[in-house]
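Shown below: data-v9.pdb, with PDB, C-alpha atoms and all ligand atoms.
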ATOM      1  CA  MET A   1       5.909 -25.450  12.169
ATOM      2  CA  LYS A   2       8.362 -27.378   9.993
ATOM      3  CA  LYS A   3      10.973 -25.171   8.308
ATOM      4  CA  ILE A   4      10.958 -25.319   4.494
ATOM      5  CA  LYS A   5      14.421 -26.112   3.091
ATOM      6  CA  ILE A   6      15.408 -25.037  -0.442
ATOM      7  CA  LYS A   7      17.561 -27.260  -2.650
ATOM      8  CA  LYS A   8      20.622 -25.290  -3.775
ATOM      9  CA  LYS A   9      20.813 -26.752  -7.300
ATOM     10  CA  ASN A  10      21.596 -23.953  -9.798
ATOM     11  CA  LYS A  11      20.723 -21.223  -7.315
ATOM     12  CA  LYS A  12      23.052 -18.544  -5.973
ATOM     13  CA  ASP A  13      23.493 -18.450  -2.188
ATOM     14  CA  THR A  14      21.757 -15.062  -1.878
ATOM     15  CA  SER A  15      18.652 -16.163  -3.796
ATOM     16  CA  VAL A  16      18.478 -19.400  -1.761
ATOM     17  CA  LYS A  17      18.649 -17.365   1.451
ATOM     18  CA  TRP A  18      15.970 -14.934   0.201
ATOM     19  CA  LEU A  19      13.621 -17.725  -0.887
ATOM     20  CA  SER A  20      14.123 -19.656   2.330
ATOM     21  CA  ARG A  21      13.479 -16.549   4.452
ATOM     22  CA  HIS A  22      10.402 -15.683   2.370
ATOM     23  CA  LEU A  23       8.844 -19.152   2.542
ATOM     24  CA  ASN A  24       9.437 -19.385   6.291
ATOM     25  CA  ASP A  25       8.219 -15.866   6.991
ATOM     26  CA  GLU A  26       5.405 -15.768   9.564
ATOM     27  CA  TYR A  27       3.261 -13.334   7.558
ATOM     28  CA  PHE A  28       3.809 -15.127   4.256
ATOM     29  CA  ILE A  29       2.610 -18.384   5.857
ATOM     30  CA  LYS A  30      -0.364 -16.611   7.482
ATOM     31  CA  SER A  31      -1.349 -14.926   4.205
ATOM     32  CA  LYS A  32      -1.426 -18.290   2.408
ATOM     33  CA  LYS A  33      -3.472 -19.787   5.228
ATOM     34  CA  LEU A  34      -6.040 -16.973   5.328
ATOM     35  CA  GLY A  35      -6.255 -16.551   1.548
ATOM     36  CA  TYR A  36      -4.690 -13.090   1.336
ATOM     37  CA  ARG A  37      -2.895 -12.400  -1.908
ATOM     38  CA  SER A  38       0.035 -10.639  -0.234
ATOM     39  CA  ARG A  39       1.877 -10.641   3.094
ATOM     40  CA  SER A  40       1.423  -6.836   2.920
ATOM     41  CA  ALA A  41      -2.205  -7.445   3.869
ATOM     42  CA  PHE A  42      -1.038  -7.708   7.489
ATOM     43  CA  LYS A  43       0.633  -4.296   7.351
ATOM     44  CA  LEU A  44      -2.728  -2.704   6.563
ATOM     45  CA  ILE A  45      -4.547  -4.773   9.206
ATOM     46  CA  GLN A  46      -2.013  -3.496  11.770
ATOM     47  CA  ILE A  47      -2.358   0.121  10.573
ATOM     48  CA  TYR A  48      -6.175   0.001  10.736
ATOM     49  CA  LYS A  49      -5.924  -1.449  14.251
ATOM     50  CA  LYS A  50      -3.278   0.983  15.529
ATOM     51  CA  PHE A  51      -5.211   4.059  14.328
ATOM     52  CA  ASN A  52      -8.588   2.684  15.302
ATOM     53  CA  ILE A  53      -9.898   3.024  11.756
ATOM     54  CA  HIS A  54     -13.329   1.440  11.330
ATOM     55  CA  LEU A  55     -14.366   0.971   7.745
ATOM     56  CA  GLN A  56     -18.097   0.148   8.006
ATOM     57  CA  SER A  57     -19.631   1.173   4.661
ATOM     58  CA  ALA A  58     -16.492   2.989   3.530
ATOM     59  CA  LYS A  59     -15.645   3.916  -0.008
ATOM     60  CA  VAL A  60     -11.960   2.998  -0.397
ATOM     61  CA  LEU A  61      -9.497   3.860  -3.179
ATOM     62  CA  ASP A  62      -6.465   1.536  -3.271
ATOM     63  CA  LEU A  63      -3.597   2.924  -5.400
ATOM     64  CA  GLY A  64      -1.080   0.322  -6.599
ATOM     65  CA  ALA A  65      -3.430  -2.478  -5.594
ATOM     66  CA  ALA A  66      -1.895  -5.570  -7.264
ATOM     67  CA  PRO A  67      -2.079  -8.410  -6.418
ATOM     68  CA  GLY A  68      -5.007  -7.248  -4.256
ATOM     69  CA  GLY A  69      -4.086  -7.883  -0.595
ATOM     70  CA  TRP A  70      -4.967  -4.414   0.721
ATOM     71  CA  SER A  71      -8.242  -4.377  -1.211
ATOM     72  CA  GLN A  72      -9.110  -7.798   0.242
ATOM     73  CA  VAL A  73      -8.445  -6.573   3.792
ATOM     74  CA  SER A  74     -10.539  -3.441   3.245
ATOM     75  CA  LYS A  75     -13.417  -5.495   1.850
ATOM     76  CA  LYS A  76     -13.207  -8.001   4.679
ATOM     77  CA  LEU A  77     -13.196  -5.352   7.430
ATOM     78  CA  SER A  78     -16.083  -3.355   5.966
ATOM     79  CA  THR A  79     -19.820  -3.940   5.627
ATOM     80  CA  PRO A  80     -21.277  -5.443   2.402
ATOM     81  CA  ASP A  81     -22.374  -2.000   1.158
ATOM     82  CA  SER A  82     -18.764  -0.715   1.148
ATOM     83  CA  GLN A  83     -17.169   0.157  -2.173
ATOM     84  CA  ILE A  84     -13.550  -0.801  -2.833
ATOM     85  CA  ILE A  85     -11.777   0.371  -5.989
ATOM     86  CA  GLY A  86      -8.206  -0.716  -6.722
ATOM     87  CA  ILE A  87      -5.946   0.644  -9.477
ATOM     88  CA  ASP A  88      -2.690  -0.783 -10.789
ATOM     89  CA  ILE A  89      -0.653  -0.832 -13.991
ATOM     90  CA  LEU A  90      -0.651  -4.595 -13.633
ATOM     91  CA  PRO A  91      -3.738  -6.716 -14.244
ATOM     92  CA  ILE A  92      -5.410  -8.010 -11.057
ATOM     93  CA  LYS A  93      -7.406 -11.228 -10.886
ATOM     94  CA  PRO A  94     -11.034 -10.319 -10.070
ATOM     95  CA  ILE A  95     -12.349 -10.481  -6.496
ATOM     96  CA  LYS A  96     -16.081 -10.446  -5.815
ATOM     97  CA  GLY A  97     -17.236  -7.065  -4.526
ATOM     98  CA  ILE A  98     -14.065  -5.195  -5.544
ATOM     99  CA  GLU A  99     -13.607  -3.142  -8.701
ATOM    100  CA  PHE A 100     -10.130  -3.220 -10.238
ATOM    101  CA  LEU A 101      -8.980  -0.742 -12.883
ATOM    102  CA  LYS A 102      -5.819  -1.149 -14.916
ATOM    103  CA  TYR A 103      -3.936   2.049 -15.638
ATOM    104  CA  ASP A 104      -0.950   4.150 -14.636
ATOM    105  CA  ILE A 105      -1.621   6.318 -11.577
ATOM    106  CA  LEU A 106       0.506   9.033 -13.158
ATOM    107  CA  GLU A 107      -2.409   9.446 -15.592
ATOM    108  CA  PHE A 108      -5.074   9.599 -12.853
ATOM    109  CA  PHE A 109      -6.168  13.156 -13.585
ATOM    110  CA  GLU A 110      -6.035  12.843 -17.389
ATOM    111  CA  ASN A 111      -7.936   9.568 -17.134
ATOM    112  CA  LYS A 112     -10.940  11.322 -15.541
ATOM    113  CA  VAL A 113     -12.667   8.011 -14.645
ATOM    114  CA  LEU A 114     -12.769   8.798 -10.914
ATOM    115  CA  GLU A 115     -12.479  12.552 -11.227
ATOM    116  CA  HIS A 116     -15.658  13.423  -9.332
ATOM    117  CA  GLU A 117     -15.667  10.529  -6.852
ATOM    118  CA  LYS A 118     -15.193  11.140  -3.117
ATOM    119  CA  PHE A 119     -13.623   8.524  -0.834
ATOM    120  CA  ASP A 120     -13.530   7.738   2.890
ATOM    121  CA  ILE A 121     -10.058   6.195   2.672
ATOM    122  CA  VAL A 122      -7.263   6.562   0.108
ATOM    123  CA  LEU A 123      -4.513   3.943   0.313
ATOM    124  CA  SER A 124      -1.193   3.855  -1.481
ATOM    125  CA  ASP A 125       1.216   0.953  -1.116
ATOM    126  CA  MET A 126       2.810   1.892  -4.441
ATOM    127  CA  ALA A 127       6.437   1.165  -5.128
ATOM    128  CA  PRO A 128       8.079   1.791  -8.507
ATOM    129  CA  ASN A 129      10.097  -0.790 -10.391
ATOM    130  CA  THR A 130      13.707  -0.188  -9.438
ATOM    131  CA  SER A 131      16.160   0.707 -12.193
ATOM    132  CA  GLY A 132      19.293   0.040 -10.125
ATOM    133  CA  HIS A 133      20.225   3.713 -10.530
ATOM    134  CA  LYS A 134      19.938   5.245  -7.054
ATOM    135  CA  ASN A 135      18.977   8.811  -8.039
ATOM    136  CA  THR A 136      16.450   7.686 -10.658
ATOM    137  CA  ASP A 137      14.812   5.291  -8.194
ATOM    138  CA  HIS A 138      14.680   7.985  -5.535
ATOM    139  CA  LEU A 139      12.959  10.415  -7.935
ATOM    140  CA  ARG A 140      10.461   7.747  -9.020
ATOM    141  CA  ILE A 141       9.542   7.058  -5.393
ATOM    142  CA  ILE A 142       9.069  10.755  -4.608
ATOM    143  CA  ASN A 143       7.010  11.208  -7.764
ATOM    144  CA  LEU A 144       4.635   8.374  -6.807
ATOM    145  CA  ILE A 145       4.198   9.704  -3.261
ATOM    146  CA  GLU A 146       3.488  13.200  -4.586
ATOM    147  CA  ILE A 147       0.857  12.000  -7.042
ATOM    148  CA  ALA A 148      -0.751   9.759  -4.379
ATOM    149  CA  SER A 149      -0.939  12.766  -2.006
ATOM    150  CA  GLU A 150      -2.474  14.901  -4.736
ATOM    151  CA  ILE A 151      -5.080  12.238  -5.491
ATOM    152  CA  ALA A 152      -5.855  11.896  -1.770
ATOM    153  CA  ASN A 153      -6.152  15.656  -1.424
ATOM    154  CA  LYS A 154      -8.583  15.927  -4.345
ATOM    155  CA  THR A 155     -10.698  12.843  -3.666
ATOM    156  CA  LEU A 156     -10.863  12.413   0.138
ATOM    157  CA  LYS A 157     -13.820  13.603   2.168
ATOM    158  CA  LYS A 158     -13.123  15.865   5.166
ATOM    159  CA  ASP A 159     -11.667  14.100   8.250
ATOM    160  CA  CYS A 160     -10.983  10.959   6.225
ATOM    161  CA  TYR A 161      -7.753   8.969   6.108
ATOM    162  CA  PHE A 162      -4.837   8.874   3.682
ATOM    163  CA  ILE A 163      -2.468   5.934   4.253
ATOM    164  CA  CYS A 164       0.662   5.943   2.120
ATOM    165  CA  LYS A 165       3.899   3.980   1.905
ATOM    166  CA  VAL A 166       6.932   6.272   2.133
ATOM    167  CA  PHE A 167      10.624   5.559   2.495
ATOM    168  CA  GLN A 168      12.746   6.630   5.453
ATOM    169  CA  GLY A 169      15.589   8.902   4.494
ATOM    170  CA  GLY A 170      13.721  10.144   1.411
ATOM    171  CA  ALA A 171      12.267  13.633   1.168
ATOM    172  CA  GLN A 172      10.151  13.069   4.287
ATOM    173  CA  GLY A 173      10.718  16.593   5.631
ATOM    174  CA  LYS A 174       9.439  18.296   2.475
ATOM    175  CA  LEU A 175       6.552  15.844   2.155
ATOM    176  CA  TYR A 176       5.491  16.626   5.727
ATOM    177  CA  GLU A 177       5.567  20.381   5.042
ATOM    178  CA  ASP A 178       3.520  19.976   1.834
ATOM    179  CA  LEU A 179       0.965  17.698   3.461
ATOM    180  CA  LYS A 180       0.419  20.060   6.396
ATOM    181  CA  LYS A 181      -1.439  22.437   4.052
ATOM    182  CA  ASN A 182      -4.264  19.962   3.446
ATOM    183  CA  PHE A 183      -3.939  17.271   6.126
ATOM    184  CA  ASN A 184      -4.088  17.061   9.931
ATOM    185  CA  LYS A 185      -2.667  14.600  12.436
ATOM    186  CA  ILE A 186       0.178  13.442  10.190
ATOM    187  CA  LYS A 187       1.882  10.396  11.676
ATOM    188  CA  TYR A 188       4.500   7.870  10.585
ATOM    189  CA  TYR A 189       4.106   4.242  11.608
ATOM    190  CA  LYS A 190       6.016   1.095  10.725
ATOM    191  CA  PRO A 191       3.749  -1.914  11.313
ATOM    192  CA  GLU A 192       5.298  -5.056  12.746
ATOM    193  CA  ALA A 193       4.643  -6.893   9.466
ATOM    194  CA  SER A 194       6.965  -4.479   7.628
ATOM    195  CA  ARG A 195      10.429  -6.033   7.532
ATOM    196  CA  LYS A 196      12.870  -4.296   9.875
ATOM    197  CA  GLU A 197      15.567  -4.096   7.208
ATOM    198  CA  SER A 198      13.183  -2.378   4.771
ATOM    199  CA  ALA A 199      13.330   1.427   4.577
ATOM    200  CA  GLU A 200       9.565   1.551   4.065
ATOM    201  CA  THR A 201       7.286   3.105   6.617
ATOM    202  CA  TYR A 202       3.708   4.390   6.403
ATOM    203  CA  LEU A 203       2.272   7.846   6.605
ATOM    204  CA  ILE A 204      -1.196   8.226   8.090
ATOM    205  CA  ALA A 205      -2.924  11.594   7.736
ATOM    206  CA  LYS A 206      -6.427  13.041   8.045
ATOM    207  CA  LYS A 207      -7.863  15.323   5.361
ATOM    208  CA  LYS A 208      -8.666  18.821   6.641
TER     209      LYS A 208
HETATM  210  C1  LIG A 301       3.877  -3.445  -3.089
HETATM  211  S1  LIG A 301       2.788  -3.602  -4.440
HETATM  212  C2  LIG A 301       1.216  -3.381  -3.692
HETATM  213  C3  LIG A 301       0.771  -4.568  -2.893
HETATM  214  C4  LIG A 301      -0.674  -4.459  -2.455
HETATM  215  N1  LIG A 301      -0.852  -3.435  -1.444
HETATM  216  C5  LIG A 301      -1.170  -5.764  -1.896
HETATM  217  O1  LIG A 301      -1.307  -5.891  -0.672
HETATM  218  O2  LIG A 301      -1.453  -6.673  -2.688
HETATM  219  C6  LIG A 301       3.028  -2.093  -5.279
HETATM  220  C7  LIG A 301       2.205  -1.956  -6.550
HETATM  221  O3  LIG A 301       2.317  -0.617  -7.028
HETATM  222  C8  LIG A 301       2.095  -0.687  -8.421
HETATM  223  N2  LIG A 301       2.506   0.551  -9.078
HETATM  224  C9  LIG A 301       3.739   1.109  -9.093
HETATM  225  N3  LIG A 301       3.728   2.217  -9.849
HETATM  226  C10 LIG A 301       2.458   2.370 -10.311
HETATM  227  C11 LIG A 301       1.824   3.326 -11.151
HETATM  228  N4  LIG A 301       2.499   4.353 -11.664
HETATM  229  N5  LIG A 301       0.507   3.171 -11.432
HETATM  230  C12 LIG A 301      -0.184   2.121 -10.923
HETATM  231  N6  LIG A 301       0.366   1.190 -10.124
HETATM  232  C13 LIG A 301       1.668   1.307  -9.816
HETATM  233  C14 LIG A 301       2.930  -1.881  -8.854
HETATM  234  O4  LIG A 301       2.515  -2.353 -10.115
HETATM  235  C15 LIG A 301       2.670  -2.858  -7.703
HETATM  236  O5  LIG A 301       1.666  -3.764  -8.037
END

Could you render the structure as structure tokens?
Amino acid sequence: MKKIKIKKKNKKDTSVKWLSRHLNDEYFIKSKKLGYRSRSAFKLIQIYKKFNIHLQSAKVLDLGAAPGGWSQVSKKLSTPDSQIIGIDILPIKPIKGIEFLKYDILEFFENKVLEHEKFDIVLSDMAPNTSGHKNTDHLRIINLIEIASEIANKTLKKDCYFICKVFQGGAQGKLYEDLKKNFNKIKYYKPEASRKESAETYLIAKKK
């Protein structure tokens, strides 16, 4: 495939390098070709495959769903009677067969919209906006992971999967200890589509 070259006019070297790497990235190109809204879609495809997760008529809750790549993958790999619900603070362009809700996950329990729903899979690919302040960003990340785990704990059916983005070097030890109370078979997995230089990895756990 022909490499895309970026004209340097008015662009800093680092942003030119980033853009060039992004546009020539294998998964970015594949996502455009297959109509996925994000290159992250391939991370979830690889996780589902690695853990032998079959969706069939699953009811899936996708936390931090924008622009919709993970919801698309879940819809595509499930049967037509599946139910996919995605939530994000950002608006998401509609996709047939998927329900998108726009609100802050931190208000999930006050919101009460999905309070009594039970899911077969809870996904979280959430990442907070970075402030540039290391400690603040770290706390925001931990906070999102904690709330995602709490939502998964309250809304997942028994023996069903929670898949959550976490960051290596964060409070992984404490998270593991907390999760052990309500989840089994807790594993960490970094799919090939996740960039090597990124500290992100994924936690896969089964509800007790
Ligand atoms: C990496 S993106 C998710 C990409 C998605 N999995 C896909 O494949 O299209 C992370 C998302 O988390 C969302 N997010 C971060 N904090 C949130 C919060 N408190 N409530 C809802 N969404 C949040 C962001 O708005 C962003 O869209």

Here's the selection I'm unsure about, the PyMOL selection byres (((not hetatm)) within 9 of (chain A and resi 301)); applied to the file above, which residues does it give, as JSON, numbers by chain?
{"A": [36, 37, 38, 39, 40, 41, 42, 43, 44, 62, 63, 64, 65, 66, 67, 68, 69, 70, 71, 72, 73, 87, 88, 89, 90, 91, 92, 102, 103, 104, 105, 106, 107, 108, 123, 124, 125, 126, 127, 128, 129, 140, 141, 144, 165]}

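Between CA of Ala152 (chain A) and CA of Lys93 (chain A) lies a distance of 24.9 Å.
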
Applied to this file, what does the PyMOL selection byres (((chain A and resi 195-208) around 6) and not hetatm) return in terms of residues, put as a list in words?
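Evaluating the PyMOL selection byres (((chain A and resi 195-208) around 6) and not hetatm) on these coordinates yields Lys158, Asp159, Cys160, Tyr161, Phe162, Ile163, Cys164, Lys165, Val166, Phe167, Gln168, Asn182, Phe183, Asn184, Lys185, Ile186, Lys187, Tyr188, Tyr189, Lys190 and Ser194 of chain A.
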
Expected file: the selected residues, C-alpha atoms, as a CSV table (one decimal), in the frame of the given file:
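Saved to result12.csv:
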chain,number,residue,atom,x,y,z
A,158,LYS,CA,-13.1,15.9,5.2
A,159,ASP,CA,-11.7,14.1,8.2
A,160,CYS,CA,-11.0,11.0,6.2
A,161,TYR,CA,-7.8,9.0,6.1
A,162,PHE,CA,-4.8,8.9,3.7
A,163,ILE,CA,-2.5,5.9,4.3
A,164,CYS,CA,0.7,5.9,2.1
A,165,LYS,CA,3.9,4.0,1.9
A,166,VAL,CA,6.9,6.3,2.1
A,167,PHE,CA,10.6,5.6,2.5
A,168,GLN,CA,12.7,6.6,5.5
A,182,ASN,CA,-4.3,20.0,3.4
A,183,PHE,CA,-3.9,17.3,6.1
A,184,ASN,CA,-4.1,17.1,9.9
A,185,LYS,CA,-2.7,14.6,12.4
A,186,ILE,CA,0.2,13.4,10.2
A,187,LYS,CA,1.9,10.4,11.7
A,188,TYR,CA,4.5,7.9,10.6
A,189,TYR,CA,4.1,4.2,11.6
A,190,LYS,CA,6.0,1.1,10.7
A,194,SER,CA,7.0,-4.5,7.6

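Distances from A:Leu139, A:Ile145, A:Ala193, A:Ile47 to Asp178 (chain A) were compared using all atoms listed in the file, and the smallest one belongs to A:Ile145.
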